[in-house]
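Asker: Handing over run.txt, compact mmCIF, C-alpha atoms.
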# COMPACT_ATOMS: atom_id res chain seq x y z
CA MET A 1 -20.34 5.25 49.93
CA THR A 2 -21.30 8.93 50.05
CA TRP A 3 -21.19 11.36 47.13
CA SER A 4 -18.23 13.21 48.68
CA GLU A 5 -16.31 9.93 48.55
CA MET A 6 -17.46 9.00 45.04
CA TRP A 7 -16.78 12.35 43.36
CA PRO A 8 -12.92 12.30 43.61
CA LEU A 9 -12.89 8.73 42.28
CA LEU A 10 -15.15 9.60 39.34
CA GLU A 11 -13.25 12.78 38.52
CA GLN A 12 -9.88 11.04 38.38
CA ALA A 13 -11.37 8.11 36.46
CA CYS A 14 -12.86 10.46 33.84
CA TRP A 15 -9.52 12.18 33.28
CA ASP A 16 -7.74 8.84 33.04
CA THR A 17 -10.25 7.60 30.46
CA LEU A 18 -10.00 10.78 28.37
CA TYR A 19 -6.20 10.63 28.57
CA MET A 20 -6.04 7.03 27.35
CA VAL A 21 -8.65 7.51 24.64
CA GLY A 22 -7.20 10.83 23.47
CA TRP A 23 -3.66 9.58 22.91
CA SER A 24 -4.87 6.29 21.46
CA THR A 25 -7.04 8.18 18.97
CA VAL A 26 -4.15 10.35 17.85
CA ILE A 27 -1.94 7.30 17.28
CA ALA A 28 -4.77 5.43 15.54
CA VAL A 29 -5.39 8.31 13.13
CA VAL A 30 -1.69 8.78 12.39
CA GLY A 31 -1.22 5.07 11.75
CA GLY A 32 -4.60 4.15 10.30
CA LEU A 33 -5.07 6.97 7.80
CA PRO A 34 -2.06 6.17 5.58
CA LEU A 35 -2.73 2.44 6.00
CA GLY A 36 -6.31 2.81 4.79
CA VAL A 37 -5.29 5.00 1.85
CA LEU A 38 -2.57 2.50 0.93
CA LEU A 39 -5.15 -0.30 0.87
CA VAL A 40 -7.07 1.67 -1.75
CA LEU A 41 -4.04 2.69 -3.82
CA THR A 42 -2.59 -0.83 -3.99
CA ASP A 43 -5.90 -2.51 -4.78
CA ARG A 44 -6.79 -3.73 -8.27
CA GLY A 45 -7.16 -0.69 -10.50
CA GLY A 46 -5.52 1.60 -7.94
CA LEU A 47 -2.83 4.16 -8.66
CA LEU A 48 -0.18 1.94 -7.03
CA GLN A 49 -1.68 -1.40 -7.95
CA ASN A 50 0.22 -4.20 -6.22
CA THR A 51 -1.77 -7.33 -5.46
CA VAL A 52 0.85 -8.88 -3.17
CA VAL A 53 1.26 -5.79 -0.99
CA ASN A 54 -2.50 -5.28 -0.84
CA LYS A 55 -3.14 -8.87 0.23
CA VAL A 56 -0.42 -8.82 2.87
CA ILE A 57 -1.63 -5.54 4.40
CA GLY A 58 -5.23 -6.69 4.21
CA GLN A 59 -4.50 -9.96 6.00
CA VAL A 60 -2.54 -8.20 8.76
CA VAL A 61 -5.42 -5.76 9.26
CA ASN A 62 -7.99 -8.56 9.30
CA ILE A 63 -6.05 -10.62 11.84
CA ALA A 64 -5.57 -7.63 14.13
CA ARG A 65 -9.25 -6.70 13.90
CA SER A 66 -10.46 -10.23 14.59
CA MET A 67 -8.58 -10.54 17.88
CA PRO A 68 -10.68 -9.70 20.98
CA PHE A 69 -9.25 -6.70 22.77
CA ILE A 70 -8.82 -8.41 26.14
CA ILE A 71 -6.73 -11.14 24.47
CA LEU A 72 -4.75 -8.56 22.49
CA MET A 73 -4.00 -6.66 25.69
CA VAL A 74 -2.65 -9.78 27.40
CA ALA A 75 -0.67 -10.85 24.32
CA LEU A 76 1.02 -7.44 24.12
CA MET A 77 2.08 -7.28 27.76
CA GLY A 78 5.71 -7.98 26.93
CA PHE A 79 5.74 -5.33 24.20
CA THR A 80 3.92 -2.90 26.48
CA ARG A 81 6.50 -3.42 29.23
CA THR A 82 9.29 -2.76 26.71
CA ILE A 83 7.69 0.51 25.58
CA THR A 84 6.44 1.93 28.87
CA GLY A 85 8.35 -0.05 31.50
CA THR A 86 5.13 -1.34 33.08
CA THR A 87 1.95 -3.24 32.23
CA ILE A 88 -0.46 -1.36 34.49
CA GLY A 89 -1.65 2.22 34.53
CA ARG A 90 -3.04 4.52 31.87
CA GLU A 91 0.26 4.90 29.96
CA ALA A 92 0.55 1.14 29.60
CA ALA A 93 -3.04 0.88 28.40
CA ILE A 94 -2.39 3.28 25.52
CA VAL A 95 -0.17 0.71 23.75
CA PRO A 96 -2.79 -2.04 23.23
CA LEU A 97 -5.54 0.54 22.74
CA ALA A 98 -3.65 2.20 19.88
CA ILE A 99 -2.55 -1.07 18.28
CA GLY A 100 -6.10 -2.38 18.42
CA ALA A 101 -7.56 0.84 16.99
CA ILE A 102 -5.16 1.29 14.03
CA PRO A 103 -6.53 -1.60 11.90
CA PHE A 104 -10.09 -0.72 12.94
CA PHE A 105 -9.69 2.87 11.75
CA ALA A 106 -7.77 1.77 8.63
CA ARG A 107 -10.74 -0.24 7.37
CA LEU A 108 -13.06 2.70 7.97
CA VAL A 109 -10.66 4.96 6.05
CA GLU A 110 -10.56 2.47 3.19
CA THR A 111 -14.35 2.49 2.95
CA ALA A 112 -14.49 6.30 3.06
CA VAL A 113 -11.81 6.81 0.40
CA ARG A 114 -13.42 4.29 -1.97
CA GLU A 115 -16.49 6.53 -2.10
CA VAL A 116 -14.57 9.34 -3.82
CA ASP A 117 -15.58 9.86 -7.45
CA GLY A 118 -13.00 8.27 -9.74
CA GLY A 119 -13.58 11.01 -12.30
CA LEU A 120 -11.86 13.51 -10.02
CA VAL A 121 -8.81 11.28 -9.81
CA GLU A 122 -8.67 10.94 -13.60
CA ALA A 123 -9.03 14.71 -13.99
CA VAL A 124 -6.09 15.43 -11.72
CA GLN A 125 -3.99 12.78 -13.46
CA SER A 126 -4.83 14.26 -16.87
CA MET A 127 -3.40 17.57 -15.68
CA GLY A 128 -0.12 15.95 -14.64
CA GLY A 129 -0.86 15.30 -10.97
CA ASN A 130 1.11 12.49 -9.35
CA THR A 131 -0.12 10.02 -6.74
CA TRP A 132 0.72 12.30 -3.81
CA THR A 133 -1.21 15.14 -5.44
CA VAL A 134 -4.24 12.91 -5.95
CA VAL A 135 -4.16 11.83 -2.30
CA ARG A 136 -3.61 15.34 -0.94
CA LYS A 137 -5.95 17.26 -3.26
CA VAL A 138 -8.74 14.77 -3.95
CA LEU A 139 -8.91 11.58 -1.88
CA VAL A 140 -8.50 13.06 1.60
CA PRO A 141 -10.43 16.36 1.12
CA GLU A 142 -13.35 14.71 -0.67
CA SER A 143 -13.70 11.97 1.95
CA LEU A 144 -13.17 14.27 4.95
CA PRO A 145 -16.78 14.16 6.28
CA SER A 146 -16.71 10.36 6.16
CA LEU A 147 -13.26 10.35 7.77
CA ILE A 148 -14.55 12.44 10.67
CA SER A 149 -17.45 10.03 11.13
CA SER A 150 -14.95 7.17 11.07
CA ALA A 151 -12.81 8.87 13.71
CA THR A 152 -15.90 9.37 15.88
CA THR A 153 -16.75 5.68 15.61
CA THR A 154 -13.17 4.84 16.56
CA VAL A 155 -13.28 7.09 19.64
CA VAL A 156 -16.51 5.46 20.82
CA ALA A 157 -15.00 2.00 20.33
CA LEU A 158 -11.87 3.07 22.24
CA ILE A 159 -13.97 4.18 25.20
CA GLY A 160 -15.40 0.67 25.34
CA TYR A 161 -11.91 -0.81 25.03
CA SER A 162 -10.64 1.45 27.82
CA ALA A 163 -13.38 0.14 30.10
CA MET A 164 -12.15 -3.41 29.43
CA ALA A 165 -8.58 -2.27 30.08
CA GLY A 166 -9.69 -1.33 33.56
CA THR A 167 -10.01 -5.02 34.39
CA VAL A 168 -6.21 -5.36 34.37
CA GLY A 169 -5.39 -2.23 36.30
CA ALA A 170 -5.35 0.37 33.54
CA GLY A 171 -7.43 2.82 35.52
CA GLY A 172 -10.31 4.88 34.23
CA LEU A 173 -14.06 4.43 34.53
CA GLY A 174 -13.86 0.70 33.80
CA ASP A 175 -11.52 0.22 36.74
CA ILE A 176 -13.92 2.08 39.05
CA ALA A 177 -16.86 -0.04 37.89
CA ILE A 178 -14.93 -3.30 38.45
CA ARG A 179 -13.18 -2.49 41.74
CA TYR A 180 -16.03 -0.70 43.48
CA GLY A 181 -19.20 -1.62 41.63
CA TYR A 182 -18.48 -5.34 41.23
CA GLN A 183 -15.88 -6.40 43.81
CA ARG A 184 -17.12 -4.18 46.66
CA PHE A 185 -20.83 -4.30 45.76
CA GLU A 186 -21.12 -0.52 45.43
CA THR A 187 -24.05 -0.79 43.02
CA GLU A 188 -24.86 2.91 43.10
CA LEU A 189 -21.33 3.86 42.06
CA MET A 190 -21.40 1.30 39.26
CA TRP A 191 -24.59 2.73 37.78
CA ILE A 192 -23.24 6.26 38.08
CA THR A 193 -20.17 5.10 36.16
CA VAL A 194 -22.40 3.62 33.46
CA ALA A 195 -24.31 6.91 33.25
CA VAL A 196 -21.09 8.91 32.95
CA LEU A 197 -19.88 6.65 30.13
CA ALA A 198 -23.22 7.07 28.33
CA VAL A 199 -23.03 10.86 28.61
CA VAL A 200 -19.41 10.99 27.40
CA ILE A 201 -20.17 8.77 24.41
CA SER A 202 -23.28 10.80 23.54
CA LEU A 203 -21.34 14.07 23.62
CA ILE A 204 -18.54 12.68 21.44
CA GLN A 205 -21.02 11.22 18.96
CA PHE A 206 -22.92 14.52 18.79
CA ALA A 207 -19.73 16.51 18.21
CA GLY A 208 -18.53 14.13 15.51
CA ASP A 209 -21.89 14.09 13.71
CA PHE A 210 -22.12 17.89 13.88
CA ALA A 211 -18.62 18.31 12.40
CA ALA A 212 -19.32 15.79 9.62
CA ARG A 213 -22.65 17.43 8.71
CA SER A 214 -21.09 20.88 8.72
CA LEU A 215 -18.34 19.81 6.31
CA HIS A 216 -20.88 18.02 4.11
CA ARG A 217 -23.10 21.12 3.89
CA ARG A 218 -20.08 23.31 3.19
CA ALA A 219 -18.98 20.97 0.41
CA GLY A 220 -22.53 20.98 -0.97
CA ARG A 221 -22.60 24.77 -1.14
CA ALA A 222 -19.21 24.81 -2.85
CA GLY A 223 -20.23 22.08 -5.27
CA SER A 224 -20.07 18.33 -4.90
CA ALA A 225 -16.69 18.29 -6.60
CA PRO A 226 -13.91 20.83 -6.99
CA ARG A 227 -13.95 22.65 -10.30
CA LEU A 228 -11.12 21.37 -12.43
CA ARG A 229 -10.10 23.63 -15.30
CA LEU A 230 -7.59 22.64 -17.88
CA LEU A 231 -4.86 25.08 -18.70
CA ARG A 232 -5.24 26.33 -22.22
CA ALA A 233 -2.65 28.43 -23.93
CA ALA A 234 -4.77 30.65 -26.18
CA PRO A 235 -2.88 32.75 -28.74
CA PRO A 236 -2.71 36.41 -27.76
CA PRO A 237 -4.86 38.83 -29.78
CA SER A 238 -3.37 41.33 -32.13
CA GLY A 239 -2.22 43.71 -29.44
CA GLY A 240 0.29 41.42 -27.81
CA ALA A 241 -1.58 41.15 -24.49
CA ALA A 242 -2.76 37.81 -23.21
CA PRO A 243 -6.53 37.41 -22.79
CA ALA A 244 -7.75 38.40 -19.35
CA SER A 245 -10.08 35.42 -19.19
CA ALA A 246 -7.21 32.88 -18.89
CA GLU A 247 -7.70 30.97 -15.62
CA LEU A 248 -5.38 28.89 -13.56
CA ASP A 249 -6.27 25.50 -12.14
CA PRO A 250 -7.64 26.09 -8.58
CA LEU A 251 -6.08 22.83 -7.39
CA LYS A 252 -2.65 24.13 -8.34
CA VAL A 253 -1.57 20.75 -9.65
CA PRO A 254 2.18 20.74 -10.15
Using the file provided, produce a representation of the structure as structure tokens.
Answerer:
Amino acid sequence: MTWSEMWPLLEQACWDTLYMVGWSTVIAVVGGLPLGVLLVLTDRGGLLQNTVVNKVIGQVVNIARSMPFIILMVALMGFTRTITGTTIGREAAIVPLAIGAIPFFARLVETAVREVDGGLVEAVQSMGGNTWTVVRKVLVPESLPSLISSATTTVVALIGYSAMAGTVGAGGLGDIAIRYGYQRFETELMWITVAVLAVVISLIQFAGDFAARSLHRRAGRAGSAPRLRLLRAAPPPSGGAAPASAELDPLKVP
């Protein structure tokens, strides 16, 4: 096979892979982020401590994570057909990819959020902040560099999953490697596909690491923790005017 014949195949396969991974990542973040935070909040000593809910969610996440992706993809074929109307193609592959990535990302989110200093949570609570305020002002912002690293790890894993999805007609680089590199003995095309996957993964990993380091350095320059100032109602001096040094809480806790 000549390069002029390989290039259109590789170009379309790259776009298919990015399409599947992109949408699957968005769904995984939307579903996995609140799930991971909920695992922390409902755990023992959490703001919403509920042992039963925590155990149920944890078991569901563990079962979903333990299932090999190729088996998960086959098991979800009926559900995939209900959602997309088909079980082949890149749109159909997004369903098992997203479902497989949500519990994976949720565990990474749980680990990242647990690293947040508990003193910040107590400080916000002492100023009247509710659970939503703690999540929005402390847990997510403080764990953001780790969350970006977790999202990068999820994207890399999804690229590997998408290659496996190619074995059942999902398209993408995995499909090219199987149909041409393996079944038609186009060894050169297979190795080019492997090289393209390696380059894509390296670029994504570099971008994710750069973003995480940038946020970490920015947080370091601003201080490892947000400055929390209690509101104090000092009596006005004998002139009736309030002291100019009175400061509001920068977190704007309601």
Asker: Env of Met67 of chain A: 12 Å cut, atoms = all atoms listed in the file, seq-sep filter 3 positions within chain, self excluded. Answer as a count of residues only.
Answerer: 18
Asker: Excluding Gly22 of chain A and residues on its chain fewer than 3 positions from it, collect all residues at most 12 Å away from it, counting only C-alpha atoms, and give them as a list in words.
Answerer: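 Contacts, with the query itself left out: Cys14, Trp15, Asp16, Thr17, Leu18, Tyr19, Thr25, Val26, Ile27, Ala28, Val29, Arg90, Glu91, Ala93, Ile94, Leu97, Ala98, Ala101, Ala151, Thr152, Thr154, Val155, Val156, Leu158, Ile159, Ser162 and Ile204 of chain A.
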Asker: Of the candidates A:Gly31, A:Gly169, A:Pro145, A:Gly78, which shows the shortest atom-to-atom distance to Ala112 of chain A, using all atoms listed in the file?
Answerer: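 With all atoms listed in the file as the atom set, the closest residue is A:Pro145.
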Asker: So, with only C-alpha atoms as the atoms that count, which of A:Gly119, A:Leu10, A:Ser24, A:Met77 lies closest to Tyr161 of chain A?
Answerer: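 For Tyr161 of chain A, the nearest of the given residues is A:Ser24.
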Asker: Name the residues within 12 Å of (-0.7, 5.4, -0.1), counting all atoms listed in the file in the file's coordinates, and put them as a ChimeraX atom specification.
Answerer: /A:31-43,46-50,53-54,57,106,109-110,113,130-136,139-140
Asker: Taking all atoms of segment 63-68 of chain A that appear in the file, build a box with edges along x, y and z, extend it by 3 Å on every side, and state its centre and edge lengths in Å to one decimal, as JSON.
Answerer:
{"center_x": -8.1, "center_y": -8.7, "center_z": 16.4, "size_x": 11.1, "size_y": 9.9, "size_z": 15.1}
Asker: Taking into account all atoms listed in the file, which residue in the set A:Gly118, A:Val168, A:Thr51, A:Gly160 is nearest to Thr87 of chain A?
Answerer: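 Smallest distance to Thr87 of chain A is found for A:Val168.
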Asker: So how many Å separate atom CA of Thr82 of chain A and atom CA of Arg107 of chain A, to one decimal?
Answerer: 28.0 Å
Asker: Rounded to one decimal place, report the atom CA of Leu120 of chain A-atom CA of Val138 of chain A distance in Å.
Answerer: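 Atom-to-atom, atom CA of Leu120 of chain A to atom CA of Val138 of chain A, that is 6.9 Å.
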Asker: One decimal, Å: what's the distance from atom CA of Glu11 of chain A over to atom CA of Leu173 of chain A, could you say?
Answerer: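 Interatomic distance here is 9.3 Å.
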Asker: With all atoms listed in the file as the basis for distance, which of A:Arg114, A:Leu144, A:Leu108, A:Thr167 is at the shortest distance from Gly45 of chain A?
Answerer: A:Arg114
Asker: With all atoms listed in the file as the basis for distance, which of A:Met164, A:Ile102, A:Leu147, A:Gly89 is at the shortest distance from Val116 of chain A?
Answerer: A:Leu147
